[in-house]
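A short worksheet on the structure shown next.
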Amino acid sequence: TTSAKMADKKGPKEVDTKAYYLELTKLEKNHDFDKALKVCNKILNVDPKDETAFHCRMVCLMQLSKFEDALKQIKDTHFKIDLVFEEAYCLYRLNKPEAALEILENTNSKSDKVKELQAQIYYRLEMYEKSYNLYRDLIKNTSDDFEQERLTNMQAVAVYVENSGFKQEEDETYEMCYNRGCQLLANQEWVEAEKALRKSEEMCKAFMKEDEADDEEIDRETGIIRVQIGFAIQMQG
């Protein structure tokens with residue numbers, strides 16, 4: 001057992017990994033990744049088979065921008081855990097987006113963070129249509145603290161997609177109006193942003209009704225716009 005292994009190594013001064021993990025949680029909350037990395041190493045010294053500690057060590061190395069170190073350890077590891085995101089992220093940060101994309105496109109792991117990174121890489125490689133579609137998928141199917149960031153990223157990509165004639169003209173109209181609203185939000189022009197977003201919402205409803213979408217589909221599609229309208233109203237005080 002783990003406790004037996006610790007007893008063999010530490011004798012009367014046996015250290016429980018639970019105490020290490022409590023310390024690790026506090027350090028990560030305080031963003032003290034240098035000390036957290038040392039704690040991960042202590043856990044692995046006690047139990048070299050601790051997959052969680054190894055994964056935490058990779059996160060710490062990435063947070064400390066030690067991408068080459070992390071990449072080497074990921075490639076050399078004996079752990080059978082999913083490190084696709086971590087490997088691709090390190091390659092991306094080491095300015096190897098093509099290699100990172102190859103890993104992501106060939107994996108069965110399609111978590112939100114994998115999709116997010118893939119969308120960023122598509123944008124970096126000027127594969128705008130694929131990037132835009134991924135961001136749209138993420139915004140429709142996720143709800144977390146990064147929603148605003150995704151909307152901003154999608155708006156940046158949409159400029160290129162629309163210029164390429166990717167969308168039909170009708171769809172382009174309400175989305176371009178939405179993108180203008182997002183840009184006004186970024187410029188802190190709250191009143192004008194609200195006007196543009198409300199116009200986008202009405203245009204979107206009209207377009208989808210013409211396309212014979214049901215009320216649930218319309219509500220889901222316009223939900224993204226309503227989030228931004230709410231933000232604009234909130235910022236007006």
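Lettering and numbering for the structure tokens are positional, with chains as A, B, ... in the shown order, residues counted from 1 in each chain, and ligands counted from 1 in the shown order.
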
Looking only at helix (DSSP H, G or I) from DSSP on the backbone, list the matching residues of region 32-219 of chain A as an NGL selection string. :A and (33-46 or 51-63 or 67-76 or 84-93 or 97-105 or 112-124 or 128-141 or 147-163 or 169-186 or 190-210 or 215-219)

d(CA of Ala70 (chain A), CA of Glu28 (chain A)) in Å: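 Taking CA of Ala70 (chain A) as the start and CA of Glu28 (chain A) as the end point, the length is 17.5 Å.
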
Counting only C-alpha atoms, closest pick from A:Lys49, A:Arg93, A:Lys38, A:Lys18 relative to Ile81 (chain A) is A:Lys49

Which residues, written as a PDB file with N, CA and C atoms, in the first residue's frame, have at least one atom at most 12 Å from Leu184 (chain A), with only C-alpha atoms counted and residues fewer than 3 positions away on the same chain left out?
```pdb
ATOM      1  N   THR A 152     -15.292  37.288 -27.489  1.00  0.00           N
ATOM      2  CA  THR A 152     -14.317  38.231 -28.046  1.00  0.00           C
ATOM      3  C   THR A 152     -13.468  37.560 -29.117  1.00  0.00           C
ATOM      4  N   GLN A 155     -15.480  36.936 -32.256  1.00  0.00           N
ATOM      5  CA  GLN A 155     -15.681  38.178 -32.998  1.00  0.00           C
ATOM      6  C   GLN A 155     -14.445  38.528 -33.823  1.00  0.00           C
ATOM      7  N   CYS A 177     -23.812  42.656 -37.263  1.00  0.00           N
ATOM      8  CA  CYS A 177     -24.384  43.592 -36.296  1.00  0.00           C
ATOM      9  C   CYS A 177     -23.984  43.186 -34.877  1.00  0.00           C
ATOM     10  N   TYR A 178     -24.020  41.878 -34.602  1.00  0.00           N
ATOM     11  CA  TYR A 178     -23.587  41.353 -33.298  1.00  0.00           C
ATOM     12  C   TYR A 178     -22.111  41.656 -33.054  1.00  0.00           C
ATOM     13  N   ASN A 179     -21.295  41.433 -34.073  1.00  0.00           N
ATOM     14  CA  ASN A 179     -19.858  41.684 -33.935  1.00  0.00           C
ATOM     15  C   ASN A 179     -19.576  43.161 -33.666  1.00  0.00           C
ATOM     16  N   ARG A 180     -20.362  44.042 -34.311  1.00  0.00           N
ATOM     17  CA  ARG A 180     -20.196  45.470 -34.069  1.00  0.00           C
ATOM     18  C   ARG A 180     -20.548  45.799 -32.614  1.00  0.00           C
ATOM     19  N   GLY A 181     -21.601  45.146 -32.104  1.00  0.00           N
ATOM     20  CA  GLY A 181     -21.978  45.339 -30.698  1.00  0.00           C
ATOM     21  C   GLY A 181     -20.870  44.909 -29.752  1.00  0.00           C
ATOM     22  N   ASN A 187     -14.943  48.745 -26.538  1.00  0.00           N
ATOM     23  CA  ASN A 187     -14.595  50.171 -26.460  1.00  0.00           C
ATOM     24  C   ASN A 187     -15.316  50.896 -25.327  1.00  0.00           C
ATOM     25  N   GLN A 188     -16.094  50.104 -24.527  1.00  0.00           N
ATOM     26  CA  GLN A 188     -16.833  50.632 -23.376  1.00  0.00           C
ATOM     27  C   GLN A 188     -17.902  51.649 -23.781  1.00  0.00           C
ATOM     28  N   GLU A 189     -18.442  51.495 -24.981  1.00  0.00           N
ATOM     29  CA  GLU A 189     -19.540  52.336 -25.446  1.00  0.00           C
ATOM     30  C   GLU A 189     -20.838  51.567 -25.191  1.00  0.00           C
ATOM     31  N   TRP A 190     -21.260  51.581 -23.918  1.00  0.00           N
ATOM     32  CA  TRP A 190     -22.298  50.674 -23.450  1.00  0.00           C
ATOM     33  C   TRP A 190     -23.659  50.919 -24.109  1.00  0.00           C
ATOM     34  N   VAL A 191     -24.071  52.171 -24.235  1.00  0.00           N
ATOM     35  CA  VAL A 191     -25.390  52.478 -24.793  1.00  0.00           C
ATOM     36  C   VAL A 191     -25.476  52.058 -26.259  1.00  0.00           C
ATOM     37  N   GLU A 192     -24.456  52.441 -27.029  1.00  0.00           N
ATOM     38  CA  GLU A 192     -24.444  52.087 -28.450  1.00  0.00           C
ATOM     39  C   GLU A 192     -24.337  50.578 -28.641  1.00  0.00           C
ATOM     40  N   ALA A 193     -23.584  49.931 -27.734  1.00  0.00           N
ATOM     41  CA  ALA A 193     -23.446  48.474 -27.790  1.00  0.00           C
ATOM     42  C   ALA A 193     -24.798  47.800 -27.575  1.00  0.00           C
ATOM     43  N   GLU A 194     -25.549  48.296 -26.585  1.00  0.00           N
ATOM     44  CA  GLU A 194     -26.872  47.718 -26.314  1.00  0.00           C
ATOM     45  C   GLU A 194     -27.786  47.858 -27.534  1.00  0.00           C
ATOM     46  N   LYS A 195     -27.761  49.027 -28.180  1.00  0.00           N
ATOM     47  CA  LYS A 195     -28.589  49.249 -29.368  1.00  0.00           C
ATOM     48  C   LYS A 195     -28.237  48.264 -30.477  1.00  0.00           C
ATOM     49  N   ALA A 196     -26.940  48.114 -30.747  1.00  0.00           N
ATOM     50  CA  ALA A 196     -26.490  47.216 -31.815  1.00  0.00           C
ATOM     51  C   ALA A 196     -26.859  45.765 -31.506  1.00  0.00           C
ATOM     52  N   LEU A 197     -26.721  45.374 -30.237  1.00  0.00           N
ATOM     53  CA  LEU A 197     -27.012  43.994 -29.846  1.00  0.00           C
ATOM     54  C   LEU A 197     -28.509  43.696 -29.899  1.00  0.00           C
ATOM     55  N   GLN A 228     -24.800  39.310 -23.838  1.00  0.00           N
ATOM     56  CA  GLN A 228     -24.067  40.544 -24.105  1.00  0.00           C
ATOM     57  C   GLN A 228     -24.923  41.779 -23.830  1.00  0.00           C
ATOM     58  N   ILE A 229     -26.219  41.688 -24.141  1.00  0.00           N
ATOM     59  CA  ILE A 229     -27.132  42.799 -23.848  1.00  0.00           C
ATOM     60  C   ILE A 229     -27.173  43.039 -22.339  1.00  0.00           C
ATOM     61  N   PHE A 231     -24.907  42.352 -20.172  1.00  0.00           N
ATOM     62  CA  PHE A 231     -23.623  42.936 -19.759  1.00  0.00           C
ATOM     63  C   PHE A 231     -23.607  44.443 -20.055  1.00  0.00           C
ATOM     64  N   ALA A 232     -24.101  44.816 -21.245  1.00  0.00           N
ATOM     65  CA  ALA A 232     -24.127  46.231 -21.634  1.00  0.00           C
ATOM     66  C   ALA A 232     -25.001  47.044 -20.685  1.00  0.00           C
TER      67      ALA A 232
END
```

Residues at most 10 Å from region 50-52 of chain A, counting only C-alpha atoms, excluding those fewer than 2 positions away in the same chain, as a ChimeraX atom specification? /A:2,17,21,40,43-48,54-58,78-81

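In this model, the gap between CA of Tyr135 (chain A) and CA of Leu151 (chain A) comes to 7.8 Å.
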
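In this model, the gap between CA of Leu83 (chain A) and CA of Ala119 (chain A) comes to 18.2 Å.
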
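Candidate residues A:Glu175, A:Asp82, A:Glu147, A:Asp16 were compared for distance to Lys199 (chain A), and the nearest is A:Glu175, using only C-alpha atoms.
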
So, with only C-alpha atoms as the atoms that count, which of A:Asp219, A:Thr25, A:Leu94, A:Lys110 lies closest to Ser65 (chain A)?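 Checking each candidate against Ser65 (chain A), we get A:Leu94 as the closest.
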